[in-house]
Structure formats: C-alpha cells, structure tokens
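Shown next: my_file.txt, containing compact mmCIF, C-alpha atoms.
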```
# COMPACT_ATOMS: atom_id res chain seq x y z
CA MET J 1 -25.15 14.12 -35.51
CA ASP J 2 -24.79 17.43 -33.74
CA LEU J 3 -28.34 18.77 -33.71
CA GLU J 4 -27.52 22.09 -32.11
CA ALA J 5 -24.72 22.88 -34.55
CA ALA J 6 -26.91 21.94 -37.51
CA VAL J 7 -29.82 24.08 -36.27
CA ARG J 8 -27.54 27.05 -35.63
CA LYS J 9 -25.96 26.72 -39.05
CA HIS J 10 -28.96 26.01 -41.27
CA SER J 11 -32.21 27.02 -39.59
CA GLU J 12 -32.12 30.67 -40.73
CA MET J 13 -31.75 29.54 -44.32
CA LEU J 14 -34.55 26.97 -43.92
CA TYR J 15 -36.71 29.61 -42.27
CA ARG J 16 -36.37 31.96 -45.27
CA ILE J 17 -37.38 29.20 -47.66
CA CYS J 18 -40.27 27.77 -45.60
CA ILE J 19 -41.79 31.08 -44.56
CA VAL J 20 -42.18 32.24 -48.16
CA ILE J 21 -43.72 28.91 -49.14
CA LEU J 22 -46.05 28.53 -46.17
CA GLY J 23 -46.78 32.10 -45.14
CA SER J 24 -47.20 31.11 -41.51
CA GLU J 25 -44.71 31.35 -38.69
CA GLN J 26 -46.10 28.30 -36.88
CA ASP J 27 -46.21 26.11 -39.96
CA THR J 28 -42.68 27.17 -40.76
CA GLN J 29 -41.44 26.20 -37.32
CA ASP J 30 -43.22 22.86 -37.62
CA ALA J 31 -41.66 22.21 -41.02
CA ILE J 32 -38.17 23.02 -39.71
CA GLN J 33 -38.67 20.86 -36.63
CA GLU J 34 -39.81 17.92 -38.71
CA THR J 35 -36.82 18.42 -40.98
CA PHE J 36 -34.40 18.18 -38.07
CA CYS J 37 -36.27 15.21 -36.60
CA LYS J 38 -35.72 13.45 -39.90
CA TYR J 39 -32.10 14.58 -39.85
CA LEU J 40 -31.61 12.82 -36.52
CA GLU J 41 -33.66 9.82 -37.51
CA LYS J 42 -32.02 9.13 -40.88
CA LYS J 43 -28.50 10.20 -39.91
CA PRO J 44 -27.52 10.67 -43.55
CA LYS J 45 -23.85 10.68 -44.54
CA PHE J 46 -22.89 13.91 -46.24
CA VAL J 47 -20.03 14.46 -48.64
CA ASP J 48 -19.64 18.09 -47.56
CA GLY J 49 -21.50 21.08 -46.14
CA GLU J 50 -23.22 21.85 -49.45
CA HIS J 51 -24.55 18.31 -49.62
CA GLU J 52 -25.94 18.66 -46.11
CA LYS J 53 -27.54 21.99 -46.94
CA ALA J 54 -29.17 20.65 -50.11
CA TRP J 55 -30.48 17.60 -48.21
CA LEU J 56 -32.05 19.79 -45.55
CA ILE J 57 -33.69 22.04 -48.16
CA LYS J 58 -35.07 19.02 -49.99
CA VAL J 59 -36.58 17.56 -46.81
CA ALA J 60 -37.93 20.93 -45.66
CA THR J 61 -39.59 21.70 -48.99
CA ASN J 62 -41.12 18.21 -48.98
CA HIS J 63 -42.57 18.92 -45.54
CA CYS J 64 -43.88 22.25 -46.81
CA ARG J 65 -45.53 20.45 -49.72
CA ASP J 66 -47.13 17.94 -47.36
CA ILE J 67 -48.43 20.72 -45.17
CA GLN J 68 -49.94 22.43 -48.18
CA ARG J 69 -51.41 19.32 -49.74
CA PHE J 70 -52.69 17.20 -46.94
CA ARG J 71 -53.13 19.10 -43.78
CA PHE J 72 -55.01 21.97 -42.43
CA ARG J 73 -52.71 24.81 -41.66
CA HIS J 74 -52.45 27.49 -39.08
CA PRO J 75 -54.14 30.66 -40.22
CA LYS J 76 -52.09 32.35 -42.88
CA VAL J 77 -51.04 35.89 -42.22
CA PRO J 78 -52.13 38.38 -44.91
CA ILE J 79 -49.31 39.04 -47.37
CA GLU J 80 -49.00 42.71 -46.55
CA GLU J 81 -48.80 42.00 -42.85
CA LEU J 82 -46.35 39.14 -43.27
CA ALA J 83 -44.06 41.21 -45.50
CA GLY J 84 -44.12 43.96 -42.89
CA THR J 85 -43.26 41.47 -40.16
CA LEU J 86 -40.38 39.94 -42.06
CA VAL J 87 -38.57 43.10 -43.21
CA SER J 88 -38.63 46.71 -42.14
CA GLN J 89 -37.34 48.73 -45.14
CA GLN J 90 -40.02 49.81 -47.60
CA GLU J 91 -38.13 48.61 -50.69
CA ASP J 92 -37.37 45.25 -49.12
CA ARG J 93 -41.00 44.95 -48.16
CA GLU J 94 -42.07 45.52 -51.76
CA ALA J 95 -39.75 42.77 -52.95
CA VAL J 96 -40.95 40.31 -50.30
CA ARG J 97 -44.57 41.20 -50.98
CA GLU J 98 -44.15 40.52 -54.70
CA LEU J 99 -42.52 37.22 -53.90
CA LEU J 100 -45.33 36.20 -51.55
CA GLN J 101 -47.91 36.99 -54.22
CA MET J 102 -46.46 34.32 -56.50
CA PRO J 103 -47.72 30.74 -56.41
CA PRO J 104 -45.87 28.74 -53.71
CA LYS J 105 -44.00 26.53 -56.20
CA GLN J 106 -42.67 29.62 -57.92
CA ARG J 107 -41.60 31.19 -54.65
CA ALA J 108 -39.45 28.21 -53.72
CA VAL J 109 -37.64 28.33 -57.06
CA MET J 110 -37.13 32.09 -56.84
CA VAL J 111 -35.68 31.91 -53.35
CA LEU J 112 -33.40 29.01 -54.16
CA HIS J 113 -32.07 30.78 -57.24
CA TYR J 114 -31.90 34.42 -56.24
CA VAL J 115 -31.34 34.14 -52.52
CA GLU J 116 -29.50 30.86 -52.02
CA GLY J 117 -27.68 31.07 -55.34
CA TYR J 118 -28.57 27.64 -56.75
CA GLN J 119 -28.43 27.01 -60.49
CA VAL J 120 -31.30 25.56 -62.51
CA LYS J 121 -29.91 22.02 -62.52
CA GLU J 122 -29.29 22.08 -58.77
CA ILE J 123 -32.80 23.38 -58.04
CA ALA J 124 -34.28 20.65 -60.21
CA GLY J 125 -32.36 18.07 -58.17
CA ILE J 126 -33.40 19.54 -54.84
CA LEU J 127 -37.08 19.95 -55.66
CA GLY J 128 -37.36 16.77 -57.71
CA ILE J 129 -38.70 18.56 -60.79
CA THR J 130 -37.39 18.94 -64.33
CA GLU J 131 -34.98 21.65 -65.36
CA HIS J 132 -37.62 22.82 -67.81
CA ALA J 133 -40.09 23.32 -64.93
CA VAL J 134 -37.49 25.29 -62.99
CA LYS J 135 -36.80 27.52 -65.98
CA LYS J 136 -40.50 28.14 -66.54
CA ARG J 137 -41.07 29.07 -62.92
CA LEU J 138 -38.09 31.40 -62.93
CA GLN J 139 -39.28 32.98 -66.14
CA ARG J 140 -42.76 33.57 -64.75
CA GLY J 141 -41.30 34.93 -61.55
CA ARG J 142 -39.08 37.34 -63.44
CA GLU J 143 -42.01 38.52 -65.55
CA GLN J 144 -44.12 39.06 -62.46
CA PHE J 145 -41.37 41.03 -60.80
CA ARG J 146 -40.78 43.10 -63.92
CA THR J 147 -44.48 43.95 -64.17
CA ALA J 148 -44.70 44.82 -60.52
CA TRP J 149 -41.61 47.03 -60.68
CA LYS J 150 -42.97 48.86 -63.70
CA GLU J 151 -46.29 49.42 -61.97
CA GLU J 152 -44.54 50.62 -58.86
CA TYR J 153 -41.93 52.92 -60.35
CA CYS J 154 -43.31 54.00 -63.75
CA ARG J 155 -46.58 55.38 -62.56
CA MET Q 1 -36.31 40.60 -63.69
CA SER Q 2 -33.20 42.67 -64.17
CA GLU Q 3 -30.07 42.02 -62.14
CA MET Q 4 -31.01 44.93 -59.97
CA ASN Q 5 -34.29 43.29 -59.02
CA GLY Q 6 -32.62 39.92 -58.44
CA GLY Q 7 -30.23 41.73 -56.14
CA GLN Q 8 -33.14 43.52 -54.52
CA LEU Q 9 -34.88 40.25 -53.77
CA ARG Q 10 -31.69 38.76 -52.39
CA HIS Q 11 -31.09 41.82 -50.26
CA ALA Q 12 -34.66 41.80 -48.96
CA MET Q 13 -34.66 38.11 -48.12
CA LYS Q 14 -31.33 38.34 -46.35
CA GLN Q 15 -33.04 40.72 -43.92
CA VAL Q 16 -35.49 37.97 -42.98
CA HIS Q 17 -34.58 36.34 -39.69
CA MET Q 18 -36.22 33.92 -37.31
CA LYS Q 19 -37.69 35.21 -34.10
CA GLU Q 20 -35.24 35.34 -31.24
CA ASN Q 21 -36.11 32.12 -29.45
CA MET Q 22 -37.10 29.99 -32.39
CA GLN Q 23 -33.77 28.19 -32.68
CA GLU Q 24 -33.89 27.23 -29.00
CA GLU Q 25 -37.50 26.10 -29.34
CA ILE Q 26 -36.65 23.99 -32.37
CA ILE Q 27 -33.73 22.32 -30.62
CA MET Q 28 -35.82 21.62 -27.51
CA ASN Q 29 -38.85 20.36 -29.43
CA VAL Q 30 -36.80 18.13 -31.72
CA ARG Q 31 -34.95 16.61 -28.77
CA THR Q 32 -38.18 16.05 -26.90
CA GLN Q 33 -39.96 14.49 -29.85
CA MET Q 34 -37.08 12.19 -30.64
CA ALA Q 35 -36.55 11.18 -27.02
CA ASP Q 36 -40.20 10.62 -26.35
CA GLY Q 37 -41.02 8.83 -29.59
CA THR Q 38 -43.71 11.35 -30.48
CA TYR Q 39 -41.99 12.07 -33.79
CA ARG Q 40 -42.48 8.44 -34.82
CA ARG Q 41 -46.09 8.42 -33.66
CA ASN Q 42 -46.83 11.65 -35.47
CA SER Q 43 -45.10 10.26 -38.54
CA PHE Q 44 -47.58 7.41 -38.44
CA LYS Q 45 -50.48 9.79 -38.03
CA ARG Q 46 -49.19 11.89 -40.90
CA MET Q 47 -48.83 8.82 -43.08
CA ALA Q 48 -52.29 7.59 -42.27
CA MET Q 49 -53.94 10.95 -42.70
CA SER Q 50 -51.98 11.70 -45.86
CA ALA Q 51 -53.02 8.36 -47.26
CA ALA Q 52 -56.61 9.06 -46.27
CA ALA Q 53 -56.52 12.47 -47.93
CA PHE Q 54 -54.94 10.95 -51.01
CA MET Q 55 -57.67 8.32 -51.14
CA LEU Q 56 -60.40 10.88 -50.79
CA VAL Q 57 -58.96 13.03 -53.53
CA PHE Q 58 -57.78 10.46 -56.02
CA GLY Q 59 -59.97 7.44 -55.36
CA ALA Q 60 -58.99 3.85 -54.73
CA VAL Q 61 -55.36 3.12 -55.38
CA SER Q 62 -52.83 1.08 -53.48
CA ILE Q 63 -51.25 2.74 -50.47
CA PRO Q 64 -47.60 1.77 -50.35
CA VAL Q 65 -46.88 4.60 -47.93
CA TYR Q 66 -49.25 3.13 -45.40
CA ALA Q 67 -47.81 -0.33 -45.94
CA GLY Q 68 -44.58 0.91 -44.44
CA TYR Q 69 -46.15 1.26 -41.05
CA GLN Q 70 -45.06 -1.60 -38.84
CA GLY Q 71 -45.81 -4.20 -41.51
CA PHE Q 72 -49.54 -3.77 -40.80
CA ARG Q 73 -49.20 -4.72 -37.17
CA SER Q 74 -51.09 -2.84 -34.53
CA ALA Q 75 -49.22 -0.28 -32.44
CA ILE Q 76 -50.74 -2.06 -29.41
CA THR Q 77 -48.69 -5.22 -29.09
CA SER Q 78 -49.63 -6.30 -25.56
CA ASP Q 79 -52.75 -8.39 -24.98
CA LYS Q 80 -53.21 -6.81 -21.57
CA VAL Q 81 -53.04 -3.31 -22.98
CA LEU Q 82 -55.35 -4.26 -25.83
CA ALA Q 83 -57.91 -5.66 -23.37
CA ARG Q 84 -57.74 -2.38 -21.46
CA MET Q 85 -58.22 -0.37 -24.62
CA GLN Q 86 -61.22 -2.45 -25.63
CA GLU Q 87 -62.92 -1.49 -22.38
CA ILE Q 88 -62.91 2.20 -23.28
CA PRO Q 89 -66.53 3.29 -23.83
CA LYS Q 90 -67.40 4.26 -27.41
CA ASP Q 91 -68.29 7.84 -26.55
CA GLU Q 92 -64.96 8.27 -24.78
CA GLN Q 93 -63.21 6.84 -27.83
CA GLN Q 94 -65.03 9.34 -30.01
CA ASP Q 95 -63.93 12.23 -27.78
CA ILE Q 96 -60.33 11.11 -28.03
CA TYR Q 97 -60.62 10.62 -31.77
CA ASN Q 98 -61.96 14.16 -32.10
CA MET Q 99 -58.99 15.39 -30.13
CA VAL Q 100 -56.54 13.52 -32.38
CA GLN Q 101 -58.28 14.99 -35.38
CA TYR Q 102 -57.88 18.43 -33.90
CA GLU Q 103 -54.17 17.83 -33.36
CA GLN Q 104 -53.92 16.77 -36.97
CA ARG Q 105 -55.79 19.77 -38.24
CA SER Q 106 -53.84 22.19 -36.16
CA LEU Q 107 -50.59 20.44 -36.95
CA HIS Q 108 -49.59 20.19 -33.35
CA ALA Q 109 -47.03 17.63 -32.50
CA ASP Q 110 -46.93 16.87 -28.79
CA GLN Q 111 -44.88 19.27 -26.82
CA PHE Q 112 -43.54 19.21 -23.31
CA SER Q 113 -43.11 22.15 -21.01
CA ARG Q 114 -39.65 20.86 -20.13
CA GLU Q 115 -37.38 18.01 -21.15
CA TYR Q 116 -37.52 14.72 -19.32
CA THR Q 117 -34.73 14.28 -16.83
CA GLU Q 118 -32.31 11.38 -17.25
CA LYS Q 119 -33.98 9.65 -14.32
CA GLU Q 120 -37.44 10.10 -15.83
CA MET Q 121 -36.23 8.77 -19.16
CA SER Q 122 -34.83 5.61 -17.64
CA ARG Q 123 -37.88 5.22 -15.41
CA ARG Q 124 -40.10 5.55 -18.44
CA LYS Q 125 -38.33 2.68 -20.20
CA VAL Q 126 -38.87 0.41 -17.22
CA LEU Q 127 -42.47 1.49 -16.80
CA GLN Q 128 -43.21 0.96 -20.48
CA GLN Q 129 -42.34 -2.68 -20.00
CA GLU Q 130 -44.38 -2.91 -16.82
CA TYR Q 131 -47.28 -1.16 -18.52
CA GLU Q 132 -47.29 -3.77 -21.27
CA ASN Q 133 -47.28 -6.43 -18.58
CA GLY Q 134 -50.41 -5.00 -17.02
CA ARG Q 135 -49.32 -2.28 -14.63
CA PHE Q 136 -51.73 0.55 -15.36
CA PRO Q 137 -52.18 3.99 -13.77
CA GLU Q 138 -54.76 4.34 -11.05
CA ASN Q 139 -56.12 7.54 -12.56
CA THR Q 140 -56.29 9.06 -16.01
CA LEU Q 141 -54.26 11.98 -17.22
CA THR Q 142 -55.67 15.36 -16.23
CA MET Q 143 -56.65 17.30 -19.34
CA VAL Q 144 -57.82 20.84 -19.94
CA GLU Q 145 -59.29 22.38 -23.08
CA ASN Q 146 -56.76 25.17 -23.16
CA ALA Q 147 -53.55 26.01 -21.40
CA GLY Q 148 -55.10 29.09 -19.80
CA GLN Q 149 -57.24 26.83 -17.62
CA ILE Q 150 -54.26 25.34 -15.84
CA GLN Q 151 -54.45 26.40 -12.21
CA ASP Q 152 -51.50 24.57 -10.80
CA TYR Q 153 -48.27 24.04 -12.71
CA GLY Q 154 -47.07 21.75 -9.95
CA GLU Q 155 -49.10 18.85 -11.38
CA LEU Q 156 -49.02 16.96 -14.65
CA VAL Q 157 -51.63 18.38 -17.06
CA TYR Q 158 -52.25 17.99 -20.78
CA ALA Q 159 -53.64 21.01 -22.64
CA LYS Q 160 -55.62 20.03 -25.72
CA ASP Q 161 -55.29 23.35 -27.54
CA THR Q 162 -51.50 23.25 -27.60
CA SER Q 163 -51.07 19.45 -27.44
CA CYS Q 164 -48.68 20.17 -24.62
CA PHE Q 165 -47.87 18.10 -21.55
CA TYR Q 166 -47.20 20.51 -18.73
CA LEU Q 167 -44.80 18.67 -16.48
CA PRO Q 168 -44.26 19.66 -12.86
CA GLU Q 169 -40.86 21.04 -11.95
CA ARG Q 170 -40.30 18.09 -9.62
CA GLU Q 171 -39.58 14.61 -10.94
CA LEU Q 172 -42.57 12.82 -12.43
CA THR Q 173 -43.93 10.05 -10.28
CA ASP Q 174 -44.41 6.51 -11.61
CA GLU Q 175 -48.16 7.10 -11.62
CA GLU Q 176 -47.75 10.20 -13.81
CA ILE Q 177 -45.43 8.45 -16.25
CA LEU Q 178 -47.93 5.60 -16.48
CA GLN Q 179 -50.67 8.13 -17.18
CA ILE Q 180 -48.66 9.51 -20.12
CA LEU Q 181 -48.00 6.00 -21.45
CA ASP Q 182 -51.65 5.11 -21.09
CA PHE Q 183 -52.77 8.29 -22.79
CA ASN Q 184 -50.44 7.62 -25.73
CA SER Q 185 -51.70 4.04 -26.06
CA ILE Q 186 -55.30 5.18 -26.05
CA ARG Q 187 -54.63 7.67 -28.84
CA GLU Q 188 -52.85 5.02 -30.91
CA TYR Q 189 -55.69 2.58 -30.35
CA VAL Q 190 -58.45 5.05 -31.13
CA LEU Q 191 -56.73 6.14 -34.30
CA GLU Q 192 -56.40 2.53 -35.41
CA GLN Q 193 -60.11 1.94 -34.79
CA ASN Q 194 -61.05 4.70 -37.19
CA PRO Q 195 -62.90 3.11 -40.14
CA GLU Q 196 -60.92 5.09 -42.69
CA VAL Q 197 -57.59 3.98 -41.27
CA GLN Q 198 -58.84 0.40 -41.03
CA ARG Q 199 -60.03 0.51 -44.62
CA LEU Q 200 -56.64 1.75 -45.78
CA LYS Q 201 -54.97 -1.01 -43.84
CA GLU Q 202 -57.19 -3.70 -45.33
CA GLU Q 203 -56.73 -2.37 -48.82
CA ALA Q 204 -52.99 -2.20 -48.42
CA ILE Q 205 -52.95 -5.81 -47.15
CA ARG Q 206 -55.05 -6.95 -50.10
CA GLY Q 207 -52.67 -5.17 -52.44
CA GLU Q 208 -49.63 -6.99 -51.08
```

Please re-express this file's structure in structure tokens.
Amino acid sequence: MDLEAAVRKHSEMLYRICIVILGSEQDTQDAIQETFCKYLEKKPKFVDGEHEKAWLIKVATNHCRDIQRFRFRHPKVPIEELAGTLVSQQEDREAVRELLQMPPKQRAVMVLHYVEGYQVKEIAGILGITEHAVKKRLQRGREQFRTAWKEEYCR
Amino acid sequence: MSEMNGGQLRHAMKQVHMKENMQEEIIMNVRTQMADGTYRRNSFKRMAMSAAAFMLVFGAVSIPVYAGYQGFRSAITSDKVLARMQEIPKDEQQDIYNMVQYEQRSLHADQFSREYTEKEMSRRKVLQQEYENGRFPENTLTMVENAGQIQDYGELVYAKDTSCFYLPERELTDEEILQILDFNSIREYVLEQNPEVQRLKEEAIRGE
C-alpha cells in the first residue's frame, strides 16, 4: 500500500468530513491518522478508487464515532470561531456555521450527500445505517438550512 | 434546502482545507506508529477503555471486543520482564497509571520527534529479544511534565503532555532503546493491573 499517495489523494476529503463531525482540529488529525494506520494494517483489496474512498470514509467516521462516544476529546472550538477558521467568505461561513450547528450524525450525512455527492443508498452503506435514517437526517438538515436561510435573508 | 443552498454548502465545504503541514504530519505519525508498534498498543488501550466505558454505561454484558486482545494473554510474555514489573512500587505504578489515563483522555498516541533510523529499527528488534531475556536498562527514561521543560534536545526525553519521545539527532544508544522498551512494558503492565481491565478480562473469559 502506498501510504503517501493515499494520504495525498484522500486526506483533504477525510478532513472535511471529520472536522464537521468532531469540531476539533486535533481530534480530526487523530481520526485521520488512525484511519490510515488501519489502512496499512488491514491492507484491504479495493475494486477501484471509489471503493477505496468509501472504505476510508467508513473507517474515519467509525473513529469519529468512537472519539465522540468513548473518549475525552480535545477542547472543541466554538462554532463561530471554527467556521471562521475553516472558510473566509461570509456566505461560506454562514453555510458552514449552519452545518456545524446540526447534530453530528446529521452533519456526516449532509456532507456525504451535498459535498461528496453520495446517494442515500451509498451513505447508508458507508455509515452502516438504514436508508430511512439517512433520508430522515437529510430531511431535517434541509429543514434546518431552510429555516436558517429564511432567518438570515428574509429579515 | 433548495438546490441553491445545497450548492452553497458544497461550495463552502470545498473551501475547507487542511493546514499546510498536516499531510506531512499524518504521514510521519502513521509511519512511526506502525513501525514502532504504538498503533497496536493504543488499539489495545482503546479497546480496553472502550469496553470499560461500555460497561459503565450499559452494565454487565459480555465483551467480545476485549476478547480479541491476544486471546486473553498478558502483553508481558517474559518471566524475567514480569518479575521486573512486579518489583515496581505501588505508588510508582499509580503514577504511571495516571499518566496512561491522561494519554487516554487527551487522545494522544505516542509520537516521536523524528523517525527511527534503519539502524535503530534493526537494533531495536535485537534489543527487544535481549530485553525479554533479562537485559534491562541501567537507568529509567527521563520524563518531563511538559515539552517546554526540555533543556537539552541532545538527550532522549519523554514529555508527558504531548506523549512525545524527543529523540536526539544522533543515533540512539542501546541503553536509550532499552529505556524505551522498558517504559512501554511498564505501561502495558500497569494498564493490565488496573482492576477494571482485569474485571473485563475475567468476565470475558467466563463468557467464553
């Protein structure tokens, strides 16, 4: 397995997913490192690049879940501050802030669908949840965004 | 969310990038952890602590995840090393246990200030064997509470706050490699002596 090539190719994508779930730069780096350690340890055989990407997302989100459930985390950065750190444009910041205000499970689904372009069935497979759960989370996320946008722009 | 807002979210998230050196740090840390075996040790700690947390939250259930660890064998497989570990005073064991707990809480996996050289890696393999046969370091690893206290980067030092081994630029001596091996064994041993971990182990064995 070519670690360096895999990190160069996939770490930015993993970073976007983990940072919105964990809200901490250090936790995110830890989750990505553990993902690539597992990548080297398991040496999975991939059918193609998409398979590899989905495997890495699955492992990374599992690590994120473990971090959230079982371990103490590094201090979380306040949402406003984190959004400002991640993006510079005001409109982008609003979008990221709204995303970060959602429950972590919802954030993961939103990013996988709207940012990484996965369909409901694929997200269900990656996260190990039902398609119904994915749809519900997407629906809630959409509603939250709609409300936030109305509040922001219809005042 | 309308298409516009979906596009907005996509646009915003595509502007999110890792910090400049993070990729290099990830590559270095992954290589170090895999080469040094710290990933496996931390996997064990994670399993044990996760199982412990699960037990505390959900009550007594079987722990198949813990059962996966070395078939319930101790990480200390050498009688000579075990005898050495058993000589560690209780208060010293408690200090080390507190340190391991801190690492767990702060999610620090061990880090190294530089990668081992090829020579150090091969030396380490040989010394691991010798260590298990009773060749122990003359002194213990030098530790500091935080990395800021390190006065001399020319010597091997372990900083507790970052869980980082600061290695000298020169090649590690046999004594220093033995100190690292000894330190790792002590942490494994102390963790295993923890009543909660022992209880999980016993329960998992009973559930076999």

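Remark: for Met13 of chain J, the closest of the candidate residues Q:Met18, Q:Cys164, Q:Ala12, Q:Leu191 is Q:Met18 (distances computed over only C-alpha atoms).
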
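Nearest to chain Q of all the residues J:Val77, J:Ile129, J:Ile67, J:Leu86 is J:Leu86, based on only C-alpha atoms.
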
- Message: Which residue is closest to Ile19 of chain J? Choose from Q:Lys80, Q:Asn139, Q:Val16, Q:Leu9 and count all atoms listed in the file.
- Response: Q:Val16

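In this model, the gap between atom CA of Gln106 of chain J and atom CA of Glu50 of chain J comes to 22.6 Å.
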
- Message: Tell me which residues come within 12 Å of (-36.0, 24.4, -53.3), as a count of residues only, counting all atoms listed in the file in the file's coordinates.
- Response: 48

Can I get segment 157-169 of chain Q with N, CA and C atoms filled in, as an mmCIF file, in the coordinates of the input?
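Writing done, so here's selection.cif:
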```
data_model
loop_
_atom_site.group_PDB
_atom_site.id
_atom_site.type_symbol
_atom_site.label_atom_id
_atom_site.label_comp_id
_atom_site.auth_asym_id
_atom_site.auth_seq_id
_atom_site.Cartn_x
_atom_site.Cartn_y
_atom_site.Cartn_z
ATOM 1 N N VAL Q 157 -50.382 18.038 -16.362
ATOM 2 C CA VAL Q 157 -51.630 18.380 -17.060
ATOM 3 C C VAL Q 157 -51.364 18.373 -18.565
ATOM 4 N N TYR Q 158 -52.357 17.924 -19.318
ATOM 5 C CA TYR Q 158 -52.250 17.990 -20.780
ATOM 6 C C TYR Q 158 -53.252 19.015 -21.296
ATOM 7 N N ALA Q 159 -52.750 19.992 -22.064
ATOM 8 C CA ALA Q 159 -53.640 21.010 -22.640
ATOM 9 C C ALA Q 159 -53.942 20.642 -24.089
ATOM 10 N N LYS Q 160 -55.230 20.484 -24.389
ATOM 11 C CA LYS Q 160 -55.620 20.030 -25.720
ATOM 12 C C LYS Q 160 -55.307 21.059 -26.803
ATOM 13 N N ASP Q 161 -55.450 22.344 -26.480
ATOM 14 C CA ASP Q 161 -55.290 23.350 -27.540
ATOM 15 C C ASP Q 161 -53.853 23.438 -28.038
ATOM 16 N N THR Q 162 -52.910 23.150 -27.177
ATOM 17 C CA THR Q 162 -51.500 23.250 -27.600
ATOM 18 C C THR Q 162 -50.861 21.881 -27.739
ATOM 19 N N SER Q 163 -51.616 20.815 -27.447
ATOM 20 C CA SER Q 163 -51.070 19.450 -27.440
ATOM 21 C C SER Q 163 -49.804 19.400 -26.574
ATOM 22 N N CYS Q 164 -49.878 20.066 -25.462
ATOM 23 C CA CYS Q 164 -48.680 20.170 -24.620
ATOM 24 C C CYS Q 164 -48.884 19.483 -23.275
ATOM 25 N N PHE Q 165 -47.896 18.682 -22.899
ATOM 26 C CA PHE Q 165 -47.870 18.100 -21.550
ATOM 27 C C PHE Q 165 -47.143 19.099 -20.658
ATOM 28 N N TYR Q 166 -47.848 19.628 -19.700
ATOM 29 C CA TYR Q 166 -47.200 20.510 -18.730
ATOM 30 C C TYR Q 166 -46.704 19.663 -17.584
ATOM 31 N N LEU Q 167 -45.404 19.533 -17.495
ATOM 32 C CA LEU Q 167 -44.800 18.670 -16.480
ATOM 33 C C LEU Q 167 -44.467 19.484 -15.245
ATOM 34 N N PRO Q 168 -44.644 18.917 -14.074
ATOM 35 C CA PRO Q 168 -44.260 19.660 -12.860
ATOM 36 C C PRO Q 168 -42.735 19.819 -12.801
ATOM 37 N N GLU Q 169 -42.305 20.810 -12.072
ATOM 38 C CA GLU Q 169 -40.860 21.040 -11.950
ATOM 39 C C GLU Q 169 -40.171 19.866 -11.270
#
```
